[in-house]
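S.K.: target_24.cif is reproduced below (mmCIF, C-alpha atoms).
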data_input
loop_
_atom_site.label_atom_id
_atom_site.label_comp_id
_atom_site.auth_asym_id
_atom_site.auth_seq_id
_atom_site.Cartn_x
_atom_site.Cartn_y
_atom_site.Cartn_z
CA MET V 29 0.00 0.00 0.00
CA LYS V 30 1.33 3.45 -0.89
CA PRO V 31 2.08 5.82 1.99
CA VAL V 32 -0.32 8.73 2.03
CA LYS V 33 1.71 11.18 4.10
CA THR V 34 4.99 12.79 3.17
CA ILE V 35 7.72 14.38 5.24
CA SER V 36 10.91 16.15 4.20
CA SER V 37 14.21 14.52 5.07
CA ARG V 38 14.99 17.53 7.26
CA GLU V 39 11.78 17.15 9.25
CA PHE V 40 12.34 13.40 9.39
CA GLN V 41 15.69 13.99 11.10
CA HIS V 42 14.56 16.72 13.45
CA ARG V 43 11.06 15.53 14.34
CA PHE V 44 11.54 11.78 14.23
CA GLY V 45 10.27 11.10 17.78
CA GLN V 46 7.12 13.19 17.37
CA MET V 47 6.43 11.85 13.87
CA SER V 48 6.96 8.18 14.74
CA SER V 49 4.76 8.38 17.83
CA ARG V 50 1.88 9.69 15.68
CA LEU V 51 2.08 6.79 13.23
CA LYS V 52 0.04 3.66 13.85
CA PRO V 53 1.75 0.24 13.55
CA GLY V 54 1.94 -0.70 9.87
CA GLU V 55 1.35 2.91 8.75
CA SER V 56 3.94 4.40 6.37
CA ILE V 57 5.22 7.86 5.60
CA MET V 58 7.13 8.93 2.48
CA VAL V 59 10.41 10.78 3.10
CA THR V 60 11.23 13.35 0.42
CA LYS V 61 14.18 15.58 -0.46
CA HIS V 62 13.65 18.59 -2.70
CA GLY V 63 10.22 17.18 -3.46
CA GLN V 64 11.59 13.85 -4.70
CA ALA V 65 10.79 10.59 -2.93
CA LEU V 66 13.72 9.14 -0.97
CA GLY V 67 12.03 6.21 0.67
CA THR V 68 9.33 5.20 3.09
CA PHE V 69 9.32 4.70 6.80
CA THR V 70 6.87 2.13 8.19
CA LYS V 71 6.12 1.85 11.87
CA ALA V 72 6.65 -1.69 13.09
CA TYR V 73 4.02 -3.75 14.86
CA LYS V 74 4.81 -4.55 18.48
CA PRO V 75 6.41 -7.98 18.74
CA ARG V 76 3.76 -10.57 19.55
CA LYS V 77 4.16 -12.76 22.57
CA MET V 78 3.75 -16.51 22.73
CA PRO V 79 0.39 -17.59 24.20
CA ASP V 80 0.02 -19.23 27.58
CA PHE V 81 0.28 -22.81 26.32
CA MET V 82 -0.04 -24.26 29.82
CA ALA V 83 -3.26 -22.42 30.60
CA ASN V 84 -4.74 -23.84 27.39
CA LEU V 85 -3.60 -27.36 28.31
CA GLU V 86 -4.91 -27.19 31.87
CA LYS V 87 -8.44 -26.81 30.53
CA LEU V 88 -8.26 -30.22 28.85
CA GLY V 89 -10.30 -32.98 30.44
CA TYR V 90 -7.67 -35.62 31.09
CA SER V 91 -4.77 -36.21 33.47
CA VAL V 92 -1.05 -35.60 32.92
CA GLU V 93 -0.54 -39.36 33.28
CA ALA V 94 -3.07 -40.12 30.54
CA GLY V 95 -1.43 -37.48 28.33
CA GLU V 96 1.99 -38.97 29.01
CA LYS V 97 0.78 -42.40 27.85
CA ILE V 98 -0.64 -40.91 24.64
CA ILE V 99 2.52 -38.92 23.85
CA LYS V 100 4.66 -41.99 24.48
CA LYS V 101 2.42 -44.12 22.27
CA ILE V 102 2.58 -41.57 19.43
CA CYS V 103 6.39 -41.32 19.64
CA GLU V 104 6.75 -45.12 19.73
CA LEU V 105 4.39 -45.68 16.82
CA SER V 106 5.82 -42.87 14.67
CA MET W 12 16.02 -20.19 14.92
CA ASN W 13 14.53 -22.82 17.21
CA TYR W 14 13.41 -26.26 16.10
CA PRO W 15 11.45 -28.66 18.35
CA ASP W 16 11.34 -32.44 18.10
CA LEU W 17 8.10 -34.40 17.93
CA GLY W 18 7.81 -34.97 21.69
CA PHE W 19 8.37 -31.31 22.52
CA THR W 20 5.74 -30.20 20.00
CA LEU W 21 3.25 -32.78 21.25
CA SER W 22 3.78 -31.45 24.79
CA LEU W 23 2.23 -28.17 23.63
CA LEU W 24 -0.88 -29.92 22.31
CA LEU W 25 -1.38 -32.78 24.76
CA ARG W 26 -1.11 -32.35 28.50
CA GLY W 27 1.95 -34.36 29.52
CA PRO W 28 4.83 -34.33 32.04
CA HIS W 29 6.96 -31.90 29.99
CA SER W 30 4.13 -29.55 29.02
CA ARG W 31 4.80 -27.03 31.78
CA GLU W 32 8.52 -26.76 30.98
CA ALA W 33 7.92 -26.64 27.22
CA ALA W 34 5.33 -23.89 27.67
CA ALA W 35 7.64 -21.86 29.93
CA LEU W 36 10.55 -22.20 27.49
CA LEU W 37 8.48 -21.09 24.51
CA ARG W 38 7.23 -18.02 26.32
CA GLU W 39 10.82 -16.76 26.28
CA LEU W 40 11.40 -17.49 22.57
CA PRO W 41 10.66 -15.36 19.51
CA TYR W 42 7.27 -15.66 17.85
CA PRO W 43 6.36 -17.76 15.82
CA LEU W 44 7.64 -21.31 16.27
CA GLU W 45 8.74 -22.62 12.88
CA LEU W 46 7.82 -26.24 12.23
CA SER W 47 8.50 -28.58 9.33
CA LEU W 48 6.14 -30.49 7.05
CA VAL W 49 7.33 -33.61 8.87
CA HIS W 50 5.79 -32.21 12.07
CA ARG W 51 2.58 -31.44 10.24
CA LEU W 52 2.19 -34.92 8.82
CA GLN W 53 3.22 -36.72 12.03
CA ILE W 54 1.07 -34.64 14.35
CA GLU W 55 -2.05 -34.48 12.22
CA ASN W 56 -1.78 -38.20 11.50
CA ALA W 57 -1.39 -39.00 15.21
CA LEU W 58 -4.25 -36.74 16.28
CA PHE W 59 -6.62 -38.09 13.63
CA ARG W 60 -5.69 -41.61 14.71
CA LEU W 61 -6.62 -40.72 18.29
CA LEU W 62 -10.03 -39.55 17.09
CA HIS W 63 -10.69 -43.02 15.69
CA SER W 64 -9.09 -45.14 18.43
CA GLY W 65 -12.33 -45.93 20.26
CA ASP W 66 -10.92 -44.89 23.66
CA SER W 67 -12.69 -41.97 25.34
CA THR W 68 -9.47 -40.32 26.66
CA ASP W 69 -7.82 -40.68 23.26
CA LEU W 70 -10.89 -39.11 21.69
CA ILE W 71 -10.73 -36.05 23.99
CA ALA W 72 -6.95 -35.75 23.54
CA GLY W 73 -7.26 -36.01 19.75
CA ARG W 74 -10.15 -33.56 19.50
CA GLU W 75 -8.61 -30.97 21.83
CA GLY W 76 -5.12 -31.45 20.40
CA LEU W 77 -6.42 -30.77 16.89
CA ARG W 78 -8.30 -27.73 18.12
CA LEU W 79 -5.14 -26.29 19.70
CA TRP W 80 -3.03 -27.23 16.65
CA ARG W 81 -5.39 -25.37 14.30
CA TYR W 82 -5.73 -22.44 16.69
CA TYR W 83 -1.96 -21.97 16.96
CA PHE W 84 -1.63 -21.95 13.16
CA GLN W 85 -4.55 -19.55 12.83
CA GLU W 86 -2.91 -17.24 15.36
CA GLN W 87 0.46 -17.70 13.61
CA VAL W 88 2.00 -19.05 16.80
CA PHE W 89 3.13 -21.96 14.62
CA THR W 90 4.19 -21.64 11.01
CA ILE W 91 5.48 -24.16 8.49
CA LYS W 92 8.97 -23.42 7.23
CA SER W 93 10.71 -25.07 4.30
CA PHE W 94 13.73 -27.16 5.33
CA ASP W 95 16.25 -29.20 3.35
CA LEU W 96 14.50 -32.51 4.00
CA GLU W 97 16.73 -34.51 1.63
CA ALA W 98 19.84 -33.45 3.53
CA ALA W 99 18.08 -34.21 6.81
CA LEU W 100 16.98 -37.67 5.69
CA THR W 101 20.54 -38.38 4.51
CA GLN W 102 21.85 -37.36 7.93
CA ALA W 103 19.26 -39.47 9.75
CA THR W 104 20.12 -42.43 7.51
CA ALA W 105 23.80 -42.06 8.44
CA TRP W 106 22.93 -42.01 12.16
CA ASN W 107 20.71 -45.05 11.68
CA SER W 108 23.50 -47.00 9.96
CA ALA W 109 26.10 -46.05 12.55
CA CYS W 110 23.95 -46.85 15.58
CA PRO W 111 25.53 -49.76 17.50
CA VAL W 112 22.29 -50.62 19.35
CA GLN W 113 18.66 -50.70 18.23
CA PRO W 114 18.17 -47.31 16.57
CA LEU W 115 15.32 -44.96 17.36
CA SER W 116 12.47 -44.71 14.90
CA TRP W 117 13.37 -42.74 11.78
CA ALA W 118 10.46 -40.43 12.51
CA LEU W 119 12.20 -39.30 15.70
CA LEU W 120 15.75 -39.27 14.28
CA VAL W 121 14.71 -36.99 11.46
CA HIS W 122 14.08 -34.05 13.80
CA PRO W 123 17.62 -33.48 15.13
CA ALA W 124 18.75 -34.03 11.53
CA ILE W 125 16.44 -31.25 10.30
CA ALA W 126 17.63 -29.01 13.15
CA ALA W 127 21.23 -29.76 12.13
CA THR W 128 20.65 -28.80 8.48
CA ALA W 129 19.14 -25.50 9.64
CA GLN W 130 21.75 -24.99 12.39
CA ALA W 131 18.83 -24.39 14.73
CA THR W 132 18.68 -24.57 18.50
CA PHE W 133 17.15 -27.97 19.19
CA LEU W 134 14.21 -28.16 21.59
CA SER W 135 13.91 -31.64 23.06
CA PHE W 136 13.43 -33.59 26.27
CA ASP W 137 14.78 -36.81 24.74
CA PRO W 138 18.36 -37.53 25.90
CA ILE W 139 19.25 -39.62 22.84
CA LEU W 140 17.99 -37.06 20.33
CA ARG W 141 19.72 -34.29 22.28
CA LYS W 142 22.98 -36.26 22.07
CA TYR W 143 22.74 -36.41 18.25
CA ALA W 144 22.06 -32.68 18.10
CA ALA W 145 24.87 -31.84 20.52
CA GLU W 146 27.33 -33.87 18.45
CA GLU W 147 26.39 -31.67 15.49
CA GLY W 148 27.28 -28.63 17.58
CA LEU W 149 23.69 -27.44 18.07
CA ASP W 150 22.57 -25.52 21.12
CA LEU W 151 19.97 -27.34 23.20
CA LEU W 152 16.87 -26.22 25.04
CA PRO W 153 16.29 -26.86 27.84
CA ALA W 154 20.01 -26.44 28.49
CA THR W 155 19.95 -29.42 30.86
CA LEU W 156 17.47 -32.17 31.62
#
Just give me the structure as structure tokens.
M.R.:
Amino acid sequence: MKPVKTISSREFQHRFGQMSSRLKPGESIMVTKHGQALGTFTKAYKPRKMPDFMANLEKLGYSVEAGEKIIKKICELS
Amino acid sequence: MNYPDLGFTLSLLLRGPHSREAAALLRELPYPLELSLVHRLQIENALFRLLHSGDSTDLIAGREGLRLWRYYFQEQVFTIKSFDLEAALTQATAWNSACPVQPLSWALLVHPAIAATAQATFLSFDPILRKYAAEEGLDLLPATL
């Protein structure tokens, strides 16, 4: 997707903090010099975190011992 | 990158003795966990077999395991990455030939071999598979058993 906003290279250098905090993750801004496009800056998404695997497993309706037997059986039969 | 063996990956889908440690380890690792097509075939095959085993616990484990498996792909917690499977199978074949005692199943041996071709950190609770990976110079997680 093309960036819709533009910023001069001078402003980009001097107002980087202010400019980047206004952008939403994934949103881009075109950096220009003398009216010519230099490149785009895209704000990164925040790194995603792994889910709570254990919380998901604890909801399952069987015991650790039963699960152990099943995992062992799968590994032996594979 | 990080590459888990079959047992480690199953511990995230089926509630077993290593599930807590596997879950805690993954929480510290970068997102997503890259798996191979070998994982996909082995795990889906095993879970579908559980669905048809006729045992009620197997049925719950298969159904819930498949649900979690699909959910983690949907959420991009897991992704499938392309690995050099021919090189990995060649490596696993060499280990199989050189094994002085009864070798492990090829389906287990192939995972440290895939990790070795990718020079990945190997995630495993199996001491024998960890030994193969360590001999290839791979880092191991957990660091100790």
S.K.: With the file shown as input, list the residues that the PyMOL selection byres ((chain W) within 8 of (chain V)) selects, as number ranges by chain.
M.R.: W: 17-18, 21-28, 30-31, 34, 37-43, 53, 57, 68-69, 71-72, 75, 88, 116, 118-119
S.K.: Centre and edge lengths of an axis-aligned box around all listed atoms of segment 88-95 of chain V, with 8 Å added on each side, are to be given in Å to one decimal, as JSON.
M.R.:
{"center_x": -5.4, "center_y": -35.2, "center_z": 30.9, "size_x": 25.8, "size_y": 25.9, "size_z": 21.1}
S.K.: Take the PyMOL selection byres ((chain W and resi 93-105) around 8), run it mentally on this structure, and tell me the resulting residues as a ChimeraX atom specification.
M.R.: /W:47-48,91-92,106-109,117,120-121,124-125,127-129
S.K.: Have a look at atom CA of Arg51 of chain W and atom CA of Ala154 of chain W and let me know their distance in Å, one decimal.
M.R.: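 That distance, rounded to one decimal, is 25.7 Å.
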S.K.: For the structure provided, state which residues fall under the PyMOL selection byres ((chain W and resi 148) around 12), and present them as JSON, numbers by chain.
M.R.: {"W": [123, 124, 126, 127, 128, 129, 130, 131, 132, 133, 141, 142, 143, 144, 145, 146, 147, 149, 150, 151]}
S.K.: Could you tell me how far atom CA of Thr155 of chain W lies from atom CA of Pro138 of chain W, in Å and to one decimal?
M.R.: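 Taking atom CA of Thr155 of chain W and atom CA of Pro138 of chain W, their separation equals 9.6 Å.
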S.K.: Might you pull out every residue within 7 Å of segment 37-43 of chain V, with only C-alpha atoms counted and same-chain residues fewer than 5 positions away left off, and present them as a list of chain:residue names?
M.R.: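 Once the nearby chain positions are removed, what remains is V:Val59, V:Thr60, V:Lys61.
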S.K.: Include C-alpha atoms and write out the residues we just selected as a PDB file, in the frame of the given file.
M.R.:
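This went into again.pdb:
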ATOM      1  CA  VAL V  59      10.410  10.780   3.100  1.00  0.00           C
ATOM      2  CA  THR V  60      11.230  13.350   0.420  1.00  0.00           C
ATOM      3  CA  LYS V  61      14.180  15.580  -0.460  1.00  0.00           C
TER       4      LYS V  61
END
S.K.: One decimal, in Å: what's the spacing between atom CA of Arg81 of chain W and atom CA of Gly65 of chain W?
M.R.: 22.5 Å
S.K.: Which is closest to His50 of chain W among W:Phe19, W:Leu62, W:Pro114, W:Leu79, if we use all atoms listed in the file?
M.R.: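 With all atoms listed in the file as the atom set, the closest residue is W:Phe19.
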S.K.: Between W:His122, W:Arg78, W:His29, W:Arg60, which is the closest to Pro15 of chain W once you count all atoms listed in the file?
M.R.: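 The shortest atom-to-atom distance to Pro15 of chain W comes from W:His122.
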